[in-house]
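Written below as structure tokens is the structure these notes are about.
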Amino acid sequence: MMYKALRHLFLPFLAAVLFLCACADGAADSGGALTVSTGIVYGRFQKLWTLLDQTYPEIELDFISYTGSNATGYSWIQMQADDIPDIFITTQILDEDLVTERLADLSAYPFIGDLSNAVLNQVSIDGGIYLLPTDYSMYGIFYNKTLMEENHWQVPASFEELETLCGQIQEAGLLPGVAGTMLTGDPFSAVFNLAKTDWLTTPEGIGWEQAFLSGNATAKGRWEHTMDYVQRYIDIGMFHTDPQDRNDPTILLDYLGNRKAVFCTTVLAVNITELPETGDKLGMMPFLSEDGSKNIYMYSPTCYIGISKRLTEPGNEKKLEDAVKLLSLLYSPEGQNAFIDESTPCVMSVLDNVPLPEDALIYDARQALGEGRAFKMTYARWESILADIGQAFKEWFRGENQMDGPKSIARMDELCQAWLDSSDQLYFCESTGDFTLEQTAELIGKALGTAADTDAVMVPLGEFHDGVESKSCVTGKLYAGKVSADTVAAITPSNSGEYAVMTMTGAQAKALAEAGFDPEGDRNPFPYLLVVKGGGKLEDDAVYKIAFLQKGYTQETADAYSAEIIQGSLRTFLRTWLQEQRSVSPDGNPWEQ
């Protein structure tokens, strides 16, 4: 506590010193709007933006539209290219070295003193604080609290107590527990969370994870005890699976709400504390270790936020001041209330000493975080094999394909090795330079035009129109470096699966390009980029076939030019075209006549 008290006194002084030093440089203060990408946060932060406008009306935000399907991946592509917005927001911390290079150290600012030490310890990098979680979703095992109380069943504190209770539940004619399986990430988490009650959160376990993902360790010889423990959960009926593979809210409401089962193991931040069918109360307990000595919860930040380091450079003093005001507001009680209300019972504030009733769903989970009994959900670096490993665990839970613990271990090793073996093939092209948004759209147009065999392509460019965006617009830029499937997913629109071909004269095509794409009919259109085969111009009186991206045109246009809807993935077209090019540059790679 002494450390925290001193920190409260020291941080305002240090922040003032840093600010005066920056101003003393004599550089002109550029000011201007703070840039923020919309990809992860715009809707989620809507209440915060309103609060910011009310509290600091002088602060302007310039929202950069991103509507692609890989917002987290794109945020790190931007980070690698040193092209991040002023306010950087992401859902994962994927590269700590890059973080320290590109982001400002926030540890000198007063608002840090209001955050929980447990939270700060989770994000500290070599003593610095660069990315802060906006809030935490807490995860454990859900249970029907009312049903437990009516039967005088106590919440178990060890596996032995759980095993005894499951026997009593079965005698009462109920299922002990159900596990979510619609997404294979649920079985993956169910198994990994049990491993974390034992060895996976120890220094040895952390070292094993790093070595395994680098190809320097195997699951065989390390996971056997955990798999035996998982089998015991299966045997006592805790991992019953839904035959219909319904989504997680549905199985929880059905099995717990209709009193078919007592427990539900799923990665789900529920928005209720009372089950609607019966009025039963919902409870949440930790994942249990065998002897009860390490019962744990999992947590996952909604997102992380930081400030670009360039704002600390001379000339950006006003922008830095505004950015600090924004974060100070976010990490105030009022700012946290923009994320947390009665509809978010599993979401925890990151502020210290925020009152929480003892009967709150996450009361024990918050205590656990402060006591070191809560751990981050496994995701980062496992993305490429997580779903397939989860599929093996799902088959094991269901007794399919003769899957069991030893075969699951072998499958983990096979999947990791296959992923490592294919790592050299992940990149199929290289970009020799940074593309602008227009140049990226032109590249995408060439790929679609080649696949569709048309004379030209009409590509809509994404912009932010007072909250209006379009998932059919190109909003991601291609940067210099190697190109992978993740890169393609990051720069193509979310809408992908079909395209349209329309026949029109050159004059009509140019008029459409000039008018832009107005899906809302509000006379505030997104700009069109007309990409012509061979790089030439369309003749006004000649007739051409023009390709349009999926939903990248209005119904009025489709009707006027007899749109032919054709199935085909834009991402596949772009990947194929890039593979053929092998190397692309902003001013090269013509679409040949």
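Residues in the structure tokens are named by chain (A, B, ... in the order shown) and by number from 1 within that chain; ligands are numbered from 1 in the order shown.
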Inset, instruction - Find the residues around Glu161 of chain A up to 10 Å (only C-alpha atoms counted), leave out those fewer than 5 positions away in its own chain, and share them as a list in words. - result: Gln154, Val155, Pro156, Cys166, Leu288, Glu290, Asp291 and Gly292 of chain A
Could those residues be written to a file, using N, CA and C atoms, as a JSON list (two decimals), in the first residue's frame?
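Just written: result-v1.json:
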```
[["chain", "number", "residue", "atom", "x", "y", "z"],
["A", 154, "GLN", "N", -24.34, -27.73, -1.63],
["A", 154, "GLN", "CA", -23.33, -26.70, -1.42],
["A", 154, "GLN", "C", -22.47, -26.55, -2.68],
["A", 155, "VAL", "N", -22.03, -25.33, -2.94],
["A", 155, "VAL", "CA", -21.11, -25.10, -4.06],
["A", 155, "VAL", "C", -19.81, -25.83, -3.76],
["A", 156, "PRO", "N", -19.39, -26.74, -4.61],
["A", 156, "PRO", "CA", -18.19, -27.53, -4.33],
["A", 156, "PRO", "C", -16.93, -26.68, -4.34],
["A", 166, "CYS", "N", -22.18, -34.40, -8.10],
["A", 166, "CYS", "CA", -22.69, -34.88, -9.38],
["A", 166, "CYS", "C", -23.46, -36.18, -9.22],
["A", 288, "LEU", "N", -12.37, -25.79, -10.82],
["A", 288, "LEU", "CA", -11.86, -26.44, -9.62],
["A", 288, "LEU", "C", -10.59, -27.24, -9.87],
["A", 290, "GLU", "N", -7.94, -30.19, -8.38],
["A", 290, "GLU", "CA", -8.26, -31.50, -7.79],
["A", 290, "GLU", "C", -8.44, -31.42, -6.28],
["A", 291, "ASP", "N", -7.51, -30.74, -5.60],
["A", 291, "ASP", "CA", -7.61, -30.69, -4.14],
["A", 291, "ASP", "C", -8.21, -29.39, -3.64],
["A", 292, "GLY", "N", -8.62, -28.51, -4.54],
["A", 292, "GLY", "CA", -9.24, -27.26, -4.13],
["A", 292, "GLY", "C", -8.27, -26.16, -3.75]]
```
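Here atom CA of Phe192 of chain A and atom CA of Glu383 of chain A stand 14.1 Å from one another.
Take the candidates A:Asp518, A:Leu253, A:Asn271, A:Asp105 and check each one against Glu342 of chain A using only C-alpha atoms; the shortest distance goes to A:Asn271.
Nearest residue to Val267 of chain A, choosing from A:Gln54, A:Gln210, A:Ser343, A:Thr184 and counting only C-alpha atoms: A:Thr184.
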Inset, instruction - May I have the residues within 8 Å of Glu469 of chain A as a PyMOL selection string, using only C-alpha atoms and disregarding those fewer than 6 positions away in the same chain? - result: chain A and resi 65+67+462-463
Legend entry - segment 238-251 of chain A environment, 7 Å, only C-alpha atoms, sequence neighbours closer than 3 positions dropped, as a ChimeraX atom specification: /A:176-182,233-234,254-255,266,268,397-398
Inset, instruction - Name all residues at most 9 Å from segment 300-304 of chain A (count only C-alpha atoms; drop same-chain ones fewer than 2 positions away) and give them as a PyMOL selection string. - result: chain A and resi 40-41+88-93+131-139+298+306+375-377
Output N, CA and C atoms for every residue in that selection, as an mmCIF file, in the first residue's frame.
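Okay, this is what ended up in part.cif:
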```
data_model
loop_
_atom_site.group_PDB
_atom_site.id
_atom_site.type_symbol
_atom_site.label_atom_id
_atom_site.label_comp_id
_atom_site.auth_asym_id
_atom_site.auth_seq_id
_atom_site.Cartn_x
_atom_site.Cartn_y
_atom_site.Cartn_z
ATOM 1 N N ILE A 40 -12.882 -1.802 -33.968
ATOM 2 C CA ILE A 40 -13.138 -2.608 -32.779
ATOM 3 C C ILE A 40 -14.140 -1.940 -31.851
ATOM 4 N N VAL A 41 -14.136 -0.592 -31.822
ATOM 5 C CA VAL A 41 -14.760 0.050 -30.686
ATOM 6 C C VAL A 41 -15.919 1.002 -30.948
ATOM 7 N N PHE A 88 -4.758 4.082 -30.103
ATOM 8 C CA PHE A 88 -4.625 2.717 -30.608
ATOM 9 C C PHE A 88 -5.469 1.786 -29.756
ATOM 10 N N ILE A 89 -6.306 0.985 -30.401
ATOM 11 C CA ILE A 89 -7.196 0.069 -29.694
ATOM 12 C C ILE A 89 -7.107 -1.306 -30.354
ATOM 13 N N THR A 90 -6.972 -2.350 -29.545
ATOM 14 C CA THR A 90 -6.861 -3.712 -30.050
ATOM 15 C C THR A 90 -7.466 -4.667 -29.029
ATOM 16 N N THR A 91 -7.699 -5.894 -29.432
ATOM 17 C CA THR A 91 -8.255 -6.875 -28.496
ATOM 18 C C THR A 91 -7.204 -7.811 -27.925
ATOM 19 N N GLN A 92 -5.997 -7.793 -28.492
ATOM 20 C CA GLN A 92 -4.926 -8.686 -28.033
ATOM 21 C C GLN A 92 -3.598 -7.934 -28.006
ATOM 22 N N ILE A 93 -2.745 -8.282 -27.059
ATOM 23 C CA ILE A 93 -1.378 -7.772 -27.047
ATOM 24 C C ILE A 93 -0.511 -8.858 -27.685
ATOM 25 N N LEU A 131 -0.492 -0.389 -22.816
ATOM 26 C CA LEU A 131 -1.859 -0.711 -23.202
ATOM 27 C C LEU A 131 -2.652 -1.069 -21.956
ATOM 28 N N LEU A 132 -3.809 -0.446 -21.808
ATOM 29 C CA LEU A 132 -4.653 -0.696 -20.640
ATOM 30 C C LEU A 132 -5.961 -1.354 -21.065
ATOM 31 N N PRO A 133 -6.422 -2.351 -20.323
ATOM 32 C CA PRO A 133 -7.736 -2.929 -20.631
ATOM 33 C C PRO A 133 -8.839 -1.938 -20.288
ATOM 34 N N THR A 134 -9.857 -1.897 -21.121
ATOM 35 C CA THR A 134 -10.976 -1.004 -20.830
ATOM 36 C C THR A 134 -11.856 -1.575 -19.724
ATOM 37 N N ASP A 135 -11.997 -2.881 -19.674
ATOM 38 C CA ASP A 135 -12.780 -3.589 -18.672
ATOM 39 C C ASP A 135 -12.455 -5.077 -18.817
ATOM 40 N N TYR A 136 -12.920 -5.886 -17.903
ATOM 41 C CA TYR A 136 -12.666 -7.325 -17.943
ATOM 42 C C TYR A 136 -13.978 -8.098 -17.955
ATOM 43 N N SER A 137 -14.095 -9.066 -18.856
ATOM 44 C CA SER A 137 -15.159 -10.058 -18.750
ATOM 45 C C SER A 137 -14.598 -11.221 -17.949
ATOM 46 N N MET A 138 -15.309 -11.615 -16.908
ATOM 47 C CA MET A 138 -14.852 -12.688 -16.025
ATOM 48 C C MET A 138 -15.601 -13.979 -16.362
ATOM 49 N N TYR A 139 -14.901 -15.101 -16.324
ATOM 50 C CA TYR A 139 -15.477 -16.384 -16.710
ATOM 51 C C TYR A 139 -15.238 -17.432 -15.630
ATOM 52 N N MET A 298 -11.203 -17.213 -15.136
ATOM 53 C CA MET A 298 -10.553 -16.687 -16.322
ATOM 54 C C MET A 298 -11.080 -15.267 -16.576
ATOM 55 N N GLY A 306 -4.342 2.496 -25.961
ATOM 56 C CA GLY A 306 -3.079 3.168 -25.720
ATOM 57 C C GLY A 306 -2.980 4.422 -26.570
ATOM 58 N N PHE A 375 -6.809 -15.816 -14.297
ATOM 59 C CA PHE A 375 -5.798 -15.839 -15.343
ATOM 60 C C PHE A 375 -6.430 -15.502 -16.691
ATOM 61 N N LYS A 376 -5.606 -14.968 -17.586
ATOM 62 C CA LYS A 376 -6.088 -14.565 -18.891
ATOM 63 C C LYS A 376 -6.452 -15.785 -19.733
ATOM 64 N N MET A 377 -7.568 -15.661 -20.439
ATOM 65 C CA MET A 377 -8.019 -16.733 -21.314
ATOM 66 C C MET A 377 -6.987 -16.993 -22.402
#
```
Legend entry - For Gly476 of chain A: contacts at 7 Å, only C-alpha atoms, fewer than 6 positions along chain excluded, given as JSON, numbers by chain: {"A": [66, 68, 437, 490, 491, 492]}
Convert the current residue selection to file output with N, CA, C and O atoms, as an mmCIF file, in the first residue's frame.
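Dumped to result-v2.cif:
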```
data_model
loop_
_atom_site.group_PDB
_atom_site.id
_atom_site.type_symbol
_atom_site.label_atom_id
_atom_site.label_comp_id
_atom_site.auth_asym_id
_atom_site.auth_seq_id
_atom_site.Cartn_x
_atom_site.Cartn_y
_atom_site.Cartn_z
ATOM 1 N N TYR A 66 -12.967 1.389 -40.441
ATOM 2 C CA TYR A 66 -12.465 0.050 -40.780
ATOM 3 C C TYR A 66 -13.604 -0.928 -40.576
ATOM 4 O O TYR A 66 -14.115 -1.105 -39.470
ATOM 5 N N GLY A 68 -13.438 -4.141 -42.229
ATOM 6 C CA GLY A 68 -12.976 -5.460 -42.649
ATOM 7 C C GLY A 68 -13.266 -6.508 -41.594
ATOM 8 O O GLY A 68 -13.721 -6.208 -40.491
ATOM 9 N N LEU A 437 -5.053 3.874 -49.535
ATOM 10 C CA LEU A 437 -6.350 3.198 -49.599
ATOM 11 C C LEU A 437 -6.799 3.072 -51.045
ATOM 12 O O LEU A 437 -7.309 2.017 -51.461
ATOM 13 N N ALA A 490 -7.627 -8.995 -43.924
ATOM 14 C CA ALA A 490 -7.602 -7.684 -43.276
ATOM 15 C C ALA A 490 -7.935 -6.550 -44.231
ATOM 16 O O ALA A 490 -8.516 -5.540 -43.826
ATOM 17 N N ILE A 491 -7.578 -6.686 -45.504
ATOM 18 C CA ILE A 491 -7.749 -5.556 -46.431
ATOM 19 C C ILE A 491 -8.983 -5.663 -47.306
ATOM 20 O O ILE A 491 -9.339 -4.690 -47.984
ATOM 21 N N THR A 492 -9.640 -6.811 -47.326
ATOM 22 C CA THR A 492 -10.858 -6.940 -48.132
ATOM 23 C C THR A 492 -12.093 -6.618 -47.291
ATOM 24 O O THR A 492 -12.076 -6.756 -46.066
#
```
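Checking A:Arg381, A:Arg582, A:Arg373, A:Lys482 one by one against Leu213 of chain A, counting only C-alpha atoms, you find the shortest gap at A:Arg381.
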